[in-house]
Amino acid sequence: MRTKVTLVLVFLNVALFFFIFNFERHWRTERASLEARRRVLGPETADIRSLALAGPGITAIRLTRSGSDWSLAEPIEWPANPHAVNRIVSELQFLEHETSFRVADLAKNEQTLADYGLAEPRLTLTFTSGEPDSRPPLVLKIGDETKVGNRLYILSPDGERVHVVSQSFARSLALDLAELRADTLFTIPVFEARSLALQNAANLRVRIRREAGRWAFEAPIVARANKTATELTINALNNLRVQSFLPAGTAPVGANPSLRISLQGNNRSETLLLGAELGTTAIAESASGAAPASPRPDVEFQAMLEGKSAAFTVVLSAGLLDALRNAQELLRETRLLEFEPAAVTGLTLTAPDTPAITLQRDPAAPAGAPWQLLRRSAGAGTLTADTDAVTRLLDLLGRLSAQKFQSDAPSDADLETWGFNRPEREITLALNPAQGAARNLTLQIGVTTPRDGRAYARLAGERFIYGIDPVILEETLVSPLPYRARLLHELPSATRITALRITDLADESAVIEHDLTNAAPDSPPARLAAQLRTLQARAFVLDEFADRFAVGGEDRTWRYRLDATLALPGGAGGQTETFTLHLTERIGGGLQLAGSPEFAAVFELEQPLLDALWAVTYAGRDPGPPSAP
């Protein structure tokens with residue numbers, strides 16, 4: 001019994017497999033064949049290289065493709081609108097008929113092609129596919145509309161069948177010349193652009209090339225170009241549009257245009273030739289969007305694209321025109337120094353008759369490592385530098401820009417006039433080769449005698465002279481004071497201040513003397529001791545300790561001496577140490593000076609310490625608040 005059931009199931013499986021293999025496959029093949037038969041054109045539309053439209057009463061149009069770019073060849077030579085052309089090509093590739101019939105069957109119904117408007121078609125579409133001359137052109141004739149259904153008659157390229165297709169095909173072809181023409185002039189985007197070349201009527205040539213993300217002038221000088229300004233100019237060129245086309249037969253721009261603009265991209269280049277100025281427009285440019293006080297009108301030019309016969313007009317904004325006509329100045333990099341702050345391992349400042357100072361750090365140290373201040377004066381050593389001050393100085397140098405390109409080829413007399421025989425300042429940056437820095441940079445800054453209100457700068461090894469803001473001389477003082485670390489000492493947490501004494505140096509009397517072993521934390525001596533644990537200068541006055549010094553045009557000397565007794569941790573038998581500061585009287589509301597031979601400096605006290613000192617030294621003389629009226 002089980003054997004019979006098994007045999008029946010096997011027979012049914014074999015029958016089902018035979019049905020699927022033969023009938024189902026045949027149905028799918030038939031559907032695919034039916035779909036293919038609905039297509040008017042076959043694989044010949046896969047690689048269309050040219051298109052031509054002609055017909056009674058219309059201007060013949062011919063389009064050709066080179067690579068992926070379409071161009072008009074007739075009636076003018078001009079880049080084609082890629083969207084319009086791609087729509088025509090797409091309609092050809094996917095053109096389907098609603099129905100079709102053989103031309104040979106027309107005679108049976110006593111009809112001819114003329115009855116369908118195909119004997120003298122109103123529009124003829126000719127296209128070629130594949131390599132040139134590889135196959136003959138294919139011609140698609142378009143006839144009348146159907147009486148119902150909004151359909152259209154077309155004749156197949158072999159002339160054997162009449163197809164009835166949707167009118168959307170005719171609408172894709174019903175484009176006038178203006179719709180088929182591209183209105184853009186440059187199509188090379190910024191990210192593809194490799195060079196920008198300009199040439200005016202006087203044959204002055206400017207060429208800017210991009211290498212490794214940087215733009216640089218190759219002519220008429222070899223110098224850095226401003227990346228932002230150059231790319232904004234290229235963007236502005238890509239935004240240019242044809243204002244109007246000039247009538248056929250208009251005189252060409254000629255062999256000597258007023259300005260020749262060339263953009264080069266990846267294996268392609270585009271060139272715009274500007275001819276005579278035709279006038280100005282009322283459009284005025286404004287960076288803020290508001291109307292400028294003195295409107296600068298845009299300028300309209302006659303123009304041509306190199307290699308194209310069509311003449312047209314184009315409007316250039318005043319800003320773009322300035323950038324193109326004065327590219328060697330307006331597109332030039334104004335920043336004098338090009339470096340990465342993280343790559344700087346040393347910075348040396350020198351000035352005439354002044355000891356040089358050097359700021360340095362270990363090249364192998366990670367970013368954020370402390371800087372050292374090296375003083376080259378007699379007896380000077382190495383101090384910790386203020387990292388924030390060094391960072392500000394590097395930022396200032398990185399932003400230092402030319403206000404004027406003074407000269408690209410100065411004479412020796414010019415160099416002497418501008419103070420380069422004895423530069424007012426020389427700044428050398430040592431760069432870390434491990435971070436890709438090619439060399440050290442040395443900036444020289446000179447001034448005229450007498451001074452003309454401007455400073456002049458150049459890079460060592462280059463001839464270019466730049467006019468810069470003279471404030472850079474005040475910001476790069478050759479003195480250790482602005483760059484010295486303001487933190488003088490910070491006591492370890494285990495070290496305690498056990499006693500304070502302030503001595504009046506006028507008579508060696510004790511102003512205050514406190515044992516802090518059991519002092520209340522909020523008492524004035526305890527608050528003063530708390531401020532002394534972290535001693536930080538507000539600003540340095542002298543880079544050495546002195547008994548007498550001048551401040552504000554007056555000679556000063558020390559009035560007080562502060563001695564703090566420190567109990568050191570781990571010391572045998574209660575080891576102690578004395579920390580000493582010399583103090584002036586309070587000079588102003590927020591100014592009191594301190595000094596110490598240990599720190600080799602005279603400096604201004606910060607306000608919290610100044611207030612704590614006031615509470616213990618002047619509290620007895622404080623008259624207190626005024627009495628009530």
# chains A, B, ... in the order shown; residues from 1 in each chain; ligands from 1
>>> residues_around(residues="region 223-240 of chain A", least_positions_apart="4", cutoff="7 Å", atoms="only C-alpha atoms", output="PyMOL selection string")
chain A and resi 184-187+190+214-217+320+331-333
>>> residues_around(residues="region 414-426 of chain A", least_positions_apart="2", cutoff="6 Å", atoms="only C-alpha atoms", output="list in words")
Leu349, Thr350, Ala351, Pro410, Ser411, Asp412, Leu443, Gln444, Ile445, Gly446, Val447 and Thr448 of chain A
>>> select_by_dssp(residues="region 90-304 of chain A", states="strand (DSSP E or B)", output="number ranges by chain")
A: 96-102, 123-129, 138-145, 151-155, 161-166, 181, 184, 195-200, 205-211, 214-219, 223-225, 241-245, 259-264, 269-284, 297-304
>>> atom_distance(atom1="CA of Gly275 (chain A)", atom2="CA of Ala248 (chain A)")
16.5 Å
